[in-house]
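Below is the file entry.txt, which contains compact mmCIF, C-alpha atoms.
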```txt
# COMPACT_ATOMS: atom_id res chain seq x y z
CA MET A 293 82.74 -64.80 26.01
CA LEU A 294 83.32 -67.14 23.11
CA ASP A 295 84.65 -65.79 19.82
CA MET A 296 81.71 -65.33 17.43
CA ASN A 297 83.73 -66.69 14.54
CA PHE A 298 84.42 -69.84 16.56
CA ILE A 299 80.72 -70.28 17.37
CA ARG A 300 79.74 -69.73 13.75
CA GLU A 301 82.34 -72.14 12.36
CA ASN A 302 82.08 -74.81 15.10
CA PRO A 303 78.43 -75.10 16.19
CA ASP A 304 78.81 -78.84 16.81
CA LYS A 305 81.67 -78.24 19.27
CA VAL A 306 79.57 -75.65 21.09
CA ARG A 307 76.64 -78.08 21.24
CA TRP A 308 78.95 -80.75 22.67
CA MET A 309 80.22 -78.28 25.27
CA LEU A 310 76.70 -77.40 26.41
CA GLU A 311 75.79 -81.08 26.66
CA ALA A 312 78.99 -81.89 28.56
CA ARG A 313 78.30 -79.07 31.00
CA GLY A 314 74.64 -80.02 31.37
CA MET A 315 73.50 -76.55 30.28
CA GLU A 316 70.80 -75.32 27.95
CA VAL A 317 71.41 -72.19 25.88
CA ASP A 318 69.50 -71.18 22.75
CA LEU A 319 72.40 -71.76 20.36
CA GLU A 320 70.09 -72.05 17.34
CA GLY A 321 68.55 -68.70 18.23
CA LEU A 322 72.00 -67.16 18.53
CA LEU A 323 73.01 -68.45 15.11
CA GLU A 324 69.74 -67.19 13.57
CA TRP A 325 70.20 -63.69 15.02
CA ASP A 326 73.79 -63.77 13.80
CA ARG A 327 72.57 -64.66 10.29
CA LYS A 328 70.11 -61.75 10.34
CA PHE A 329 72.80 -59.38 11.59
CA ARG A 330 75.26 -60.38 8.89
CA GLU A 331 72.67 -60.26 6.11
CA ALA A 332 71.54 -56.81 7.20
CA THR A 333 75.18 -55.68 7.45
CA THR A 334 75.93 -56.90 3.94
CA GLU A 335 72.89 -55.11 2.51
CA VAL A 336 73.70 -51.90 4.41
CA ASN A 337 77.23 -51.91 3.05
CA GLU A 338 75.95 -52.43 -0.50
CA LEU A 339 73.39 -49.62 -0.10
CA ARG A 340 75.99 -47.26 1.32
CA HIS A 341 78.12 -47.91 -1.73
CA ARG A 342 75.11 -47.21 -3.96
CA ARG A 343 74.41 -44.00 -2.03
CA ASN A 344 77.96 -42.81 -2.64
CA VAL A 345 77.61 -43.54 -6.36
CA LEU A 346 74.33 -41.61 -6.47
CA ALA A 347 75.89 -38.68 -4.63
CA GLU A 348 78.41 -38.40 -7.45
CA THR A 349 75.97 -39.11 -10.29
CA ILE A 350 73.06 -36.78 -9.40
CA PRO A 351 74.94 -33.48 -9.80
CA ARG A 352 76.13 -34.56 -13.26
CA ALA A 353 72.71 -35.69 -14.52
CA GLU A 354 71.55 -33.41 -17.36
CA ASP A 355 68.13 -34.94 -18.05
CA PRO A 356 65.66 -33.50 -15.43
CA GLN A 357 63.52 -36.64 -15.48
CA GLU A 358 66.56 -38.89 -14.99
CA LYS A 359 67.77 -36.61 -12.20
CA ARG A 360 64.41 -36.90 -10.39
CA LYS A 361 64.62 -40.70 -10.61
CA LEU A 362 68.12 -40.70 -9.15
CA ILE A 363 67.05 -38.36 -6.33
CA GLU A 364 64.06 -40.60 -5.55
CA GLU A 365 66.30 -43.65 -5.56
CA SER A 366 68.68 -41.86 -3.19
CA ARG A 367 65.81 -41.17 -0.78
CA GLU A 368 64.71 -44.80 -0.96
CA VAL A 369 68.28 -45.96 -0.32
CA ASN A 370 68.51 -43.73 2.78
CA ARG A 371 65.14 -44.99 4.02
CA ARG A 372 66.19 -48.60 3.55
CA ILE A 373 69.56 -48.02 5.25
CA LYS A 374 67.78 -46.52 8.25
CA GLU A 375 65.40 -49.48 8.38
CA LEU A 376 68.24 -52.01 8.13
CA GLU A 377 70.27 -50.23 10.82
CA GLY A 378 67.38 -50.88 13.17
CA VAL A 379 67.35 -54.53 12.11
CA ARG A 380 71.13 -54.75 12.68
CA ARG A 381 70.95 -53.20 16.15
CA GLU A 382 68.13 -55.50 17.24
CA ALA A 383 69.77 -58.61 15.80
CA LEU A 384 73.11 -57.71 17.43
CA ARG A 385 71.41 -57.07 20.78
CA LYS A 386 69.58 -60.40 20.66
CA ARG A 387 72.69 -62.26 19.53
CA GLU A 388 74.85 -60.79 22.31
CA GLU A 389 72.22 -61.47 24.98
CA ILE A 390 72.42 -65.17 24.17
CA ARG A 391 76.17 -65.13 23.62
CA LEU A 392 76.73 -63.77 27.14
CA LEU A 393 74.96 -66.87 28.47
CA LEU A 394 77.32 -69.29 26.72
CA PRO A 395 79.93 -70.75 29.11
CA ASN A 396 83.59 -71.26 28.27
CA MET A 397 84.91 -74.20 26.28
CA PRO A 398 86.69 -76.79 28.49
CA ARG A 399 90.38 -77.28 27.85
CA PRO A 400 91.61 -80.62 26.43
CA GLY A 401 92.09 -83.07 29.26
CA VAL A 402 89.22 -81.84 31.43
CA PRO A 403 87.29 -84.94 32.58
CA VAL A 404 83.85 -85.33 31.06
CA GLY A 405 81.25 -85.90 33.76
CA GLU A 406 77.90 -84.83 35.17
CA ASP A 407 78.73 -83.56 38.66
CA GLU A 408 81.32 -83.51 41.46
CA SER A 409 81.22 -87.30 41.73
CA ASP A 410 83.03 -87.38 38.37
CA ASN A 411 85.83 -85.03 39.47
CA LYS A 412 89.36 -86.44 39.35
CA VAL A 413 91.67 -86.48 42.39
CA ILE A 414 95.08 -85.39 41.11
CA ARG A 415 97.14 -85.59 44.31
CA SER A 416 96.94 -85.26 48.08
CA TRP A 417 99.26 -83.88 50.72
CA GLY A 418 99.70 -84.76 54.39
CA GLU A 419 97.87 -87.23 56.57
CA ARG A 420 94.44 -87.08 58.14
CA PRO A 421 94.78 -86.26 61.82
CA THR A 422 93.64 -88.89 64.34
CA PHE A 423 92.01 -88.06 67.66
CA SER A 424 91.71 -90.03 70.92
CA PHE A 425 88.63 -88.03 71.92
CA PRO A 426 85.29 -87.11 70.33
CA VAL A 427 85.85 -84.60 67.53
CA ARG A 428 84.03 -81.28 67.81
CA SER A 429 82.94 -79.11 64.89
CA HIS A 430 84.46 -75.69 64.31
CA GLN A 431 81.10 -74.21 65.23
CA GLU A 432 81.15 -75.91 68.64
CA ILE A 433 84.79 -75.01 69.19
CA GLY A 434 84.24 -71.37 68.21
CA GLU A 435 81.31 -71.00 70.59
CA GLU A 436 82.99 -72.83 73.49
CA LEU A 437 86.14 -70.70 73.16
CA ASP A 438 84.00 -67.57 72.75
CA ILE A 439 85.76 -66.60 69.49
CA ILE A 440 82.84 -67.02 67.06
CA ASP A 441 79.41 -65.58 67.77
CA PHE A 442 76.73 -66.86 65.41
CA ILE A 443 73.81 -65.61 67.50
CA ARG A 444 74.84 -61.97 67.56
CA GLY A 445 75.83 -62.08 63.89
CA SER A 446 72.38 -63.37 63.01
CA ARG A 447 70.76 -60.86 65.34
CA MET A 448 72.44 -57.96 63.55
CA SER A 449 72.33 -59.12 59.95
CA GLY A 450 70.22 -62.25 59.66
CA THR A 451 71.12 -65.88 59.14
CA GLY A 452 74.34 -66.53 57.30
CA PHE A 453 76.37 -63.92 59.22
CA TYR A 454 78.62 -64.24 62.27
CA VAL A 455 80.94 -62.22 64.52
CA LEU A 456 84.58 -63.05 65.23
CA LYS A 457 85.76 -62.13 68.73
CA GLY A 458 89.10 -61.95 70.51
CA ASP A 459 91.47 -64.66 69.31
CA GLY A 460 89.03 -65.58 66.54
CA ALA A 461 89.41 -62.12 65.00
CA ARG A 462 93.17 -62.24 65.57
CA LEU A 463 93.46 -65.67 63.93
CA GLU A 464 91.54 -64.45 60.88
CA ARG A 465 93.78 -61.39 60.60
CA ALA A 466 96.88 -63.56 61.04
CA LEU A 467 95.77 -65.82 58.20
CA ILE A 468 95.20 -62.86 55.87
CA ASN A 469 98.60 -61.32 56.59
CA PHE A 470 100.37 -64.67 56.31
CA MET A 471 98.82 -65.35 52.91
CA LEU A 472 99.61 -61.89 51.55
CA ASP A 473 103.21 -62.10 52.76
CA LEU A 474 103.63 -65.56 51.22
CA HIS A 475 102.17 -64.52 47.89
CA LYS A 476 104.42 -61.46 47.80
CA GLN A 477 107.37 -63.84 48.16
CA GLN A 478 105.93 -65.87 45.28
CA GLY A 479 106.04 -62.81 43.02
CA TYR A 480 102.51 -61.38 43.26
CA ALA A 481 102.01 -57.61 43.53
CA GLU A 482 99.53 -56.73 46.27
CA ILE A 483 96.37 -54.82 45.31
CA PHE A 484 93.68 -53.39 47.58
CA PRO A 485 90.77 -52.79 45.18
CA PRO A 486 87.26 -51.34 45.62
CA ILE A 487 84.65 -53.82 46.83
CA LEU A 488 81.87 -52.09 44.90
CA VAL A 489 82.01 -52.34 41.11
CA ARG A 490 79.97 -51.30 38.10
CA PRO A 491 77.88 -53.84 36.19
CA GLU A 492 80.43 -53.81 33.34
CA ALA A 493 83.05 -55.26 35.69
CA MET A 494 80.72 -58.09 36.71
CA VAL A 495 79.99 -58.80 33.04
CA GLY A 496 83.71 -58.78 32.35
CA THR A 497 84.47 -61.69 34.66
CA GLY A 498 81.26 -63.59 33.90
CA GLN A 499 79.17 -63.02 37.04
CA LEU A 500 76.58 -61.10 35.02
CA PRO A 501 74.12 -61.78 33.59
CA LYS A 502 74.27 -65.48 34.52
CA PHE A 503 74.48 -65.11 38.33
CA GLN A 504 72.64 -61.85 38.94
CA GLU A 505 70.34 -63.36 41.57
CA ASP A 506 73.34 -64.39 43.68
CA MET A 507 74.80 -60.87 43.81
CA TYR A 508 74.22 -58.01 46.26
CA TRP A 509 73.17 -54.96 44.25
CA CYS A 510 73.16 -51.35 45.45
CA GLU A 511 70.29 -50.17 43.30
CA ARG A 512 70.62 -46.43 43.96
CA ASP A 513 74.18 -46.31 42.58
CA ASP A 514 73.95 -49.34 40.25
CA LEU A 515 76.97 -50.92 41.94
CA TYR A 516 77.53 -54.52 43.01
CA LEU A 517 79.29 -55.83 46.12
CA ILE A 518 82.02 -58.12 44.84
CA PRO A 519 81.64 -61.91 45.28
CA THR A 520 85.43 -62.28 45.03
CA ALA A 521 88.50 -60.08 44.44
CA GLU A 522 88.73 -61.77 41.04
CA VAL A 523 86.22 -59.18 39.79
CA PRO A 524 88.01 -55.88 40.54
CA VAL A 525 91.53 -57.25 40.06
CA THR A 526 90.77 -58.81 36.66
CA ASN A 527 89.04 -55.61 35.59
CA LEU A 528 92.08 -53.62 36.65
CA HIS A 529 93.10 -53.80 32.97
CA MET A 530 89.66 -53.64 31.33
CA ASN A 531 89.69 -51.77 28.00
CA GLU A 532 93.50 -51.79 27.93
CA ILE A 533 96.11 -53.00 25.47
CA LEU A 534 99.14 -54.41 27.29
CA SER A 535 102.57 -55.13 25.92
CA ALA A 536 103.67 -58.75 25.57
CA GLU A 537 106.87 -57.73 27.35
CA ASP A 538 104.84 -56.91 30.47
CA LEU A 539 103.30 -60.39 30.66
CA PRO A 540 102.77 -62.34 32.78
CA LEU A 541 101.30 -60.05 35.43
CA TYR A 542 100.69 -61.50 38.91
CA TYR A 543 98.41 -59.84 41.47
CA THR A 544 97.18 -60.78 44.94
CA ALA A 545 94.44 -59.08 46.92
CA TYR A 546 92.60 -59.44 50.19
CA THR A 547 88.94 -58.39 50.19
CA PRO A 548 85.74 -59.16 52.00
CA CYS A 549 83.36 -60.99 49.66
CA PHE A 550 79.57 -61.03 49.48
CA ARG A 551 77.24 -63.68 48.06
CA ARG A 552 73.56 -64.28 48.63
CA GLU A 553 74.02 -68.07 48.62
CA ALA A 554 70.25 -68.25 48.65
CA GLY A 555 69.13 -70.98 51.04
CA ARG A 556 72.46 -72.82 50.98
CA HIS A 557 73.65 -71.71 54.43
CA LEU A 558 70.67 -73.55 55.90
CA TYR A 559 72.29 -76.84 54.97
CA GLU A 560 75.85 -76.15 56.15
CA LYS A 561 76.34 -75.03 59.72
CA GLY A 562 79.20 -72.80 60.79
CA VAL A 563 81.28 -70.60 58.50
CA ILE A 564 81.48 -72.89 55.47
CA ARG A 565 78.78 -71.18 53.41
CA VAL A 566 77.84 -67.68 54.53
CA HIS A 567 76.92 -64.35 52.97
CA GLN A 568 80.04 -62.37 53.93
CA PHE A 569 83.53 -63.85 54.11
CA ASN A 570 87.18 -62.93 53.61
CA LYS A 571 89.40 -64.23 50.86
CA VAL A 572 92.90 -63.71 49.52
CA GLU A 573 92.86 -63.96 45.73
CA LEU A 574 95.52 -64.65 43.11
CA VAL A 575 95.06 -63.26 39.58
CA LYS A 576 97.26 -63.68 36.50
CA PHE A 577 97.36 -62.15 33.02
CA THR A 578 99.40 -64.29 30.63
CA LEU A 579 100.24 -64.97 27.01
CA PRO A 580 97.80 -67.50 25.48
CA GLU A 581 100.50 -70.12 24.95
CA ASP A 582 101.51 -69.96 28.63
CA SER A 583 98.16 -70.21 30.41
CA ASP A 584 98.15 -73.98 30.95
CA GLU A 585 101.60 -73.90 32.55
CA GLU A 586 100.68 -70.81 34.56
CA LEU A 587 97.64 -72.64 35.95
CA GLU A 588 99.90 -75.37 37.34
CA LYS A 589 102.10 -72.71 38.97
CA LEU A 590 99.10 -70.85 40.34
CA THR A 591 97.72 -74.05 41.86
CA ALA A 592 101.11 -74.82 43.45
CA ASP A 593 101.21 -71.31 44.94
CA ALA A 594 97.80 -71.82 46.55
CA GLU A 595 98.75 -75.31 47.73
CA GLU A 596 101.78 -73.84 49.51
CA VAL A 597 99.44 -72.00 51.89
CA LEU A 598 97.90 -75.26 53.10
CA LYS A 599 101.28 -77.00 53.25
CA ARG A 600 102.73 -74.34 55.51
CA LEU A 601 99.64 -74.50 57.69
CA GLU A 602 100.20 -78.30 57.79
CA LEU A 603 96.63 -79.08 56.82
CA HIS A 604 95.85 -82.31 54.98
CA PHE A 605 94.29 -81.56 51.59
CA ARG A 606 93.76 -82.97 48.14
CA THR A 607 93.83 -81.35 44.69
CA VAL A 608 90.90 -82.21 42.44
CA GLN A 609 90.38 -81.47 38.74
CA LEU A 610 86.77 -80.55 38.06
CA CYS A 611 84.81 -82.38 35.38
CA THR A 612 82.80 -80.62 32.68
CA GLY A 613 79.55 -80.83 34.65
CA ASP A 614 81.10 -79.19 37.74
CA LEU A 615 83.21 -76.61 35.92
CA GLY A 616 82.50 -72.95 36.64
CA PHE A 617 80.74 -70.86 33.99
CA SER A 618 83.81 -68.88 32.91
CA SER A 619 86.43 -71.54 33.55
CA ALA A 620 88.15 -73.68 30.94
CA ASN A 621 89.98 -75.81 33.52
CA THR A 622 89.82 -75.79 37.31
CA TYR A 623 91.69 -77.42 40.18
CA ASP A 624 89.93 -77.34 43.55
CA LEU A 625 91.96 -77.54 46.76
CA GLU A 626 89.92 -79.42 49.34
CA VAL A 627 90.97 -79.49 52.98
CA TRP A 628 90.02 -82.30 55.36
CA MET A 629 87.33 -81.41 57.92
CA PRO A 630 87.25 -83.99 60.75
CA SER A 631 83.74 -83.16 61.98
CA PHE A 632 82.31 -83.60 58.47
CA GLU A 633 84.53 -86.61 57.77
CA THR A 634 84.96 -85.22 54.27
CA TYR A 635 86.84 -82.61 52.28
CA VAL A 636 85.76 -78.98 51.90
CA GLU A 637 86.87 -76.75 49.04
CA VAL A 638 89.00 -73.78 50.12
CA SER A 639 90.35 -72.73 46.72
CA SER A 640 89.44 -72.99 43.04
CA CYS A 641 92.34 -72.32 40.67
CA SER A 642 91.22 -71.74 37.09
CA THR A 643 92.30 -70.67 33.66
CA PHE A 644 89.66 -68.75 31.75
CA THR A 645 91.65 -68.64 28.49
CA ASP A 646 90.48 -65.50 26.62
CA PHE A 647 86.87 -65.81 27.85
CA GLN A 648 87.05 -62.99 30.43
CA ALA A 649 89.50 -60.90 28.43
CA ARG A 650 87.12 -60.86 25.47
CA ARG A 651 84.28 -59.64 27.71
CA ALA A 652 86.45 -57.07 29.53
CA LYS A 653 88.38 -56.08 26.38
CA ILE A 654 91.84 -56.83 27.78
CA ARG A 655 94.33 -57.17 24.94
CA PHE A 656 98.07 -57.24 24.34
CA LYS A 657 100.42 -56.66 21.43
CA ARG A 658 103.41 -58.83 20.68
CA LYS A 659 104.91 -56.00 18.60
CA ALA A 660 103.79 -52.41 18.12
CA HIS A 661 102.99 -52.95 14.43
CA LEU A 662 101.03 -56.18 14.96
CA GLU A 663 97.32 -56.53 15.67
CA SER A 664 96.29 -56.89 19.29
CA GLU A 665 95.27 -60.24 20.79
CA PHE A 666 93.30 -61.15 23.90
CA VAL A 667 95.30 -62.08 26.99
CA HIS A 668 94.51 -65.18 29.01
CA THR A 669 93.32 -64.63 32.59
CA LEU A 670 93.66 -66.97 35.56
CA ASN A 671 92.70 -66.76 39.18
CA GLY A 672 92.54 -68.81 42.36
CA SER A 673 91.82 -68.32 46.01
CA GLY A 674 94.98 -68.15 48.01
CA VAL A 675 92.88 -69.19 50.03
CA ALA A 676 89.35 -68.72 51.46
CA VAL A 677 90.12 -67.38 54.93
CA GLY A 678 87.00 -68.37 56.86
CA ARG A 679 86.96 -71.96 55.68
CA THR A 680 90.69 -72.29 56.36
CA MET A 681 90.20 -70.97 59.87
CA ALA A 682 87.43 -73.53 60.36
CA ALA A 683 89.83 -76.25 59.19
CA ILE A 684 92.47 -75.06 61.67
CA LEU A 685 90.00 -75.12 64.56
CA GLU A 686 88.98 -78.69 63.74
CA ASN A 687 92.35 -80.17 62.78
CA TYR A 688 94.28 -78.49 65.61
CA GLN A 689 91.76 -79.08 68.41
CA LEU A 690 93.02 -80.50 71.71
CA GLU A 691 91.27 -82.80 74.15
CA ASP A 692 91.08 -80.12 76.86
CA GLY A 693 89.08 -77.81 74.58
CA ARG A 694 91.92 -75.58 73.49
CA VAL A 695 93.15 -75.17 69.90
CA GLU A 696 96.80 -75.19 68.92
CA ILE A 697 97.87 -72.37 66.61
CA PRO A 698 99.82 -73.51 63.49
CA LYS A 699 103.49 -72.67 63.88
CA VAL A 700 103.58 -70.49 60.78
CA LEU A 701 100.90 -68.22 62.24
CA ARG A 702 102.44 -67.73 65.68
CA PRO A 703 104.64 -64.79 64.66
CA TYR A 704 101.47 -63.02 63.49
CA MET A 705 99.89 -63.62 66.91
CA LYS A 706 102.81 -62.35 69.05
CA GLY A 707 104.11 -65.86 69.69
CA GLN A 708 100.82 -67.21 71.05
CA GLU A 709 100.73 -71.02 70.79
CA VAL A 710 97.17 -71.94 71.76
CA ILE A 711 93.69 -70.47 71.79
CA GLU A 712 91.78 -70.97 75.01
CA ARG A 713 88.64 -69.50 76.46
CA PRO A 714 89.40 -66.23 78.29
CA GLU A 715 88.76 -66.20 82.04
CA ARG A 716 86.28 -63.42 81.56
CA ARG A 717 84.57 -62.15 78.48
CA LEU A 718 85.49 -58.90 76.78
CA THR A 719 83.73 -55.94 78.35
CA LEU A 720 81.71 -55.44 75.17
CA PHE A 721 80.05 -58.84 75.57
CA LYS A 722 80.17 -59.30 79.35
CA ALA A 723 76.81 -57.83 80.27
CA VAL A 724 74.68 -59.88 77.90
CA SER A 725 73.79 -63.52 78.41
CA TYR A 726 73.35 -65.87 75.44
CA THR A 727 70.15 -67.14 77.02
CA HIS A 728 68.54 -63.77 76.31
CA LEU A 729 69.32 -63.88 72.61
CA THR A 730 67.26 -65.61 69.97
CA LEU A 731 67.68 -66.00 66.24
CA PRO A 732 65.50 -63.79 64.03
CA THR A 733 62.49 -65.46 62.51
CA ASN A 734 62.94 -64.01 59.03
```

Please re-express this file's structure in structure tokens.
Amino acid sequence: MLDMNFIRENPDKVRWMLEARGMEVDLEGLLEWDRKFREATTEVNELRHRRNVLAETIPRAEDPQEKRKLIEESREVNRRIKELEGVRREALRKREEIRLLLPNMPRPGVPVGEDESDNKVIRSWGERPTFSFPVRSHQEIGEELDIIDFIRGSRMSGTGFYVLKGDGARLERALINFMLDLHKQQGYAEIFPPILVRPEAMVGTGQLPKFQEDMYWCERDDLYLIPTAEVPVTNLHMNEILSAEDLPLYYTAYTPCFRREAGRHLYEKGVIRVHQFNKVELVKFTLPEDSDEELEKLTADAEEVLKRLELHFRTVQLCTGDLGFSSANTYDLEVWMPSFETYVEVSSCSTFTDFQARRAKIRFKRKAHLESEFVHTLNGSGVAVGRTMAAILENYQLEDGRVEIPKVLRPYMKGQEVIERPERRLTLFKAVSYTHLTLPTN
């Protein structure tokens, strides 16, 4: 959430930001409701002062007629105060409704552009793999090795869901444990948070109200399934005042994540864009003056995952038109996918400045006697597990159909070096033939 004083004093900068992001928000309406709120507040304060004066004057009035006039004035003052309080509440409600829809201000140096075509490649690591045989997609590989089951996932839960089996499930688990262990070495404290949160938590990180239609909502309990661990981990300190001595705070968390991704999975086969997926997240709370430097460190920590997996990737700075709603600056890590012949994002590392902290009321004090300030929050995927597994399947595929396991993951898989199709299927799946299964029509 943007500081109201900043909006009021810099409307032209806010207008530029909205234009640069390609967004439309009723800024003029916000400023008008703010004007009404402040005018009503000023009048209420003046009337309250007058009421206090009357409360002292009336008992001392000796003239009965003058006393009646003062009493009548006091009643009128109370009536007007009550009326203006209603005006203030309505104006504040309307102002805050619009204010919650305003995105964050981009940091200096963020490229100005309309969409992802204007993003800036900062650096790349590794070389694209070359193959002497036709490249298969991770979807084909997963089905041929019997480690990913899209048909049964769809049968149970609908399109956009899948089942991991055997070495597919083990590879996913290995990736999660590897990432958590690495991030612990990098100084992050591990958290295992709830995956259902109250609406206030979703407002705090900026998912609500802007992206309500993309969330899974449990109506009976008014709880939301998290779209990323960023939500519960950032809100770990909601409504708190931290000490400057405790900053920075580093957290990492593995969680399943849930997004409706309405219609998008229809255009991307496999596990790239689905409704349920696993992610390891990195979250930081920092002093305002340190957040830019901490973003560079956070991005390097996420990059280290891909380096150790020996996957070719590039780091891209997002332009204003592609920047996330809450973000002030974002670096995307994009891994090379041979079957797509393009890069796929597996991590977004962002600084949100005080945007989320202001919404979630996360403050700190430099000294006990000083006023509190808002912390700066940062987060990044460390990294998206499903997409990274898909990248491993494609980049490590062998001509004979097997997939080599990255060396760094082998200790997590009891020394196993390759994934190959088992001679016979697991008992759970043995009795059912794929030919008897069809995708649901809904």

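With all atoms listed in the file as the atoms that count, the minimum distance from Leu384 of chain A to the choices A:Leu467, A:Val675, A:Leu322, A:Ala347 is reached by A:Leu322.
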
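The nearest approach to Tyr543 of chain A among the residues A:Val489, A:Arg465, A:Gly434, A:Gly674, with only C-alpha atoms taken into account, belongs to A:Gly674.
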
Tell me which protein, DNA and RNA residues are within 12 Å of segment 313-315 of chain A, counting only C-alpha atoms, leaving out same-chain ones fewer than 5 positions away, and put them as a PyMOL selection string. chain A and resi 306-308+393-398+402-408+502+610-620

Might you pull out every residue within 9 Å of Gln609 of chain A, with only C-alpha atoms counted and same-chain residues fewer than 2 positions away left off, and present them as a PyMOL selection string? chain A and resi 402-403+411-414+607+611+621-624

Within 10 Å of Arg694 of chain A, counting all atoms listed in the file, which residues show up once you throw out same-chain ones fewer than 5 positions away? Write them as a list of chain:residue names, please.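 Within the cut-off, the hits are A:Ile433, A:Glu436, A:Leu437, A:Leu685, A:Tyr688, A:Gln689, A:Val710, A:Ile711, A:Glu712, A:Arg713.
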
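With atom CA of Phe484 of chain A on one side and atom CA of Val636 of chain A on the other, the separation reads 27.1 Å.
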
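The gap separating atom CA of Ala521 of chain A from atom CA of Glu573 of chain A is 6.0 Å, in Å to one decimal.
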
What's the 12 Å shell around segment 318-321 of chain A, counting all atoms listed in the file, without same-chain residues fewer than 6 positions away, as a PyMOL selection string? chain A and resi 296+299-300+302-311+327-328+383-384+386-395

So the first atom is atom CA of Arg462 of chain A and the second is atom CA of Met448 of chain A; what is the distance between them in Å, to one decimal place?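 If I compute the distance from atom CA of Arg462 of chain A to atom CA of Met448 of chain A, I get 21.3 Å.
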
Looking at A:Glu626, A:Glu532, A:Glu602, A:Glu464, which one is nearest to Gly418 of chain A, with distances taken over all atoms listed in the file? A:Glu602

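Nearest to Ser639 of chain A of all the residues A:Val572, A:Ala682, A:Ala493, A:Leu701 is A:Val572, based on only C-alpha atoms.
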
Distance query Thr520 of chain A at most 8 Å, only C-alpha atoms, self and fewer than 4 positions along chain excluded, as a list in words: Thr547, Pro548, Cys549, Phe550, Lys571 and Glu573 of chain A

Put the listed atoms of segment 363-381 of chain A in a box along x, y and z with 4 Å added on every side and give me the centre and edge lengths in Å to one decimal, as lines of an AutoDock Vina configuration file.
```
center_x = 67.6
center_y = -46.6
center_z = 4.9
size_x = 15.1
size_y = 24.4
size_z = 30.5
```

Would you list the residues near (101.6, -57.9, 34.1) (no more than 12 Å away, in the coordinates of the file, using all atoms listed in the file) as number ranges by chain? A: 479-481, 525-526, 528-529, 532-543, 575-579, 654-656, 667-669

Show me the residues close to (86.2, -68.1, 54.2) - anything with an atom within 8 Å, counting all atoms listed in the file - and format the list as an NGL selection string. :A and (563-564 or 569-571 or 638 or 675-681)

Go through A:His341, A:Ala594, A:Asp438, A:Ala312 one by one, measure the shortest atom-to-atom distance of each to Asp410 of chain A using only C-alpha atoms, and give the residue with the smallest value. A:Ala312
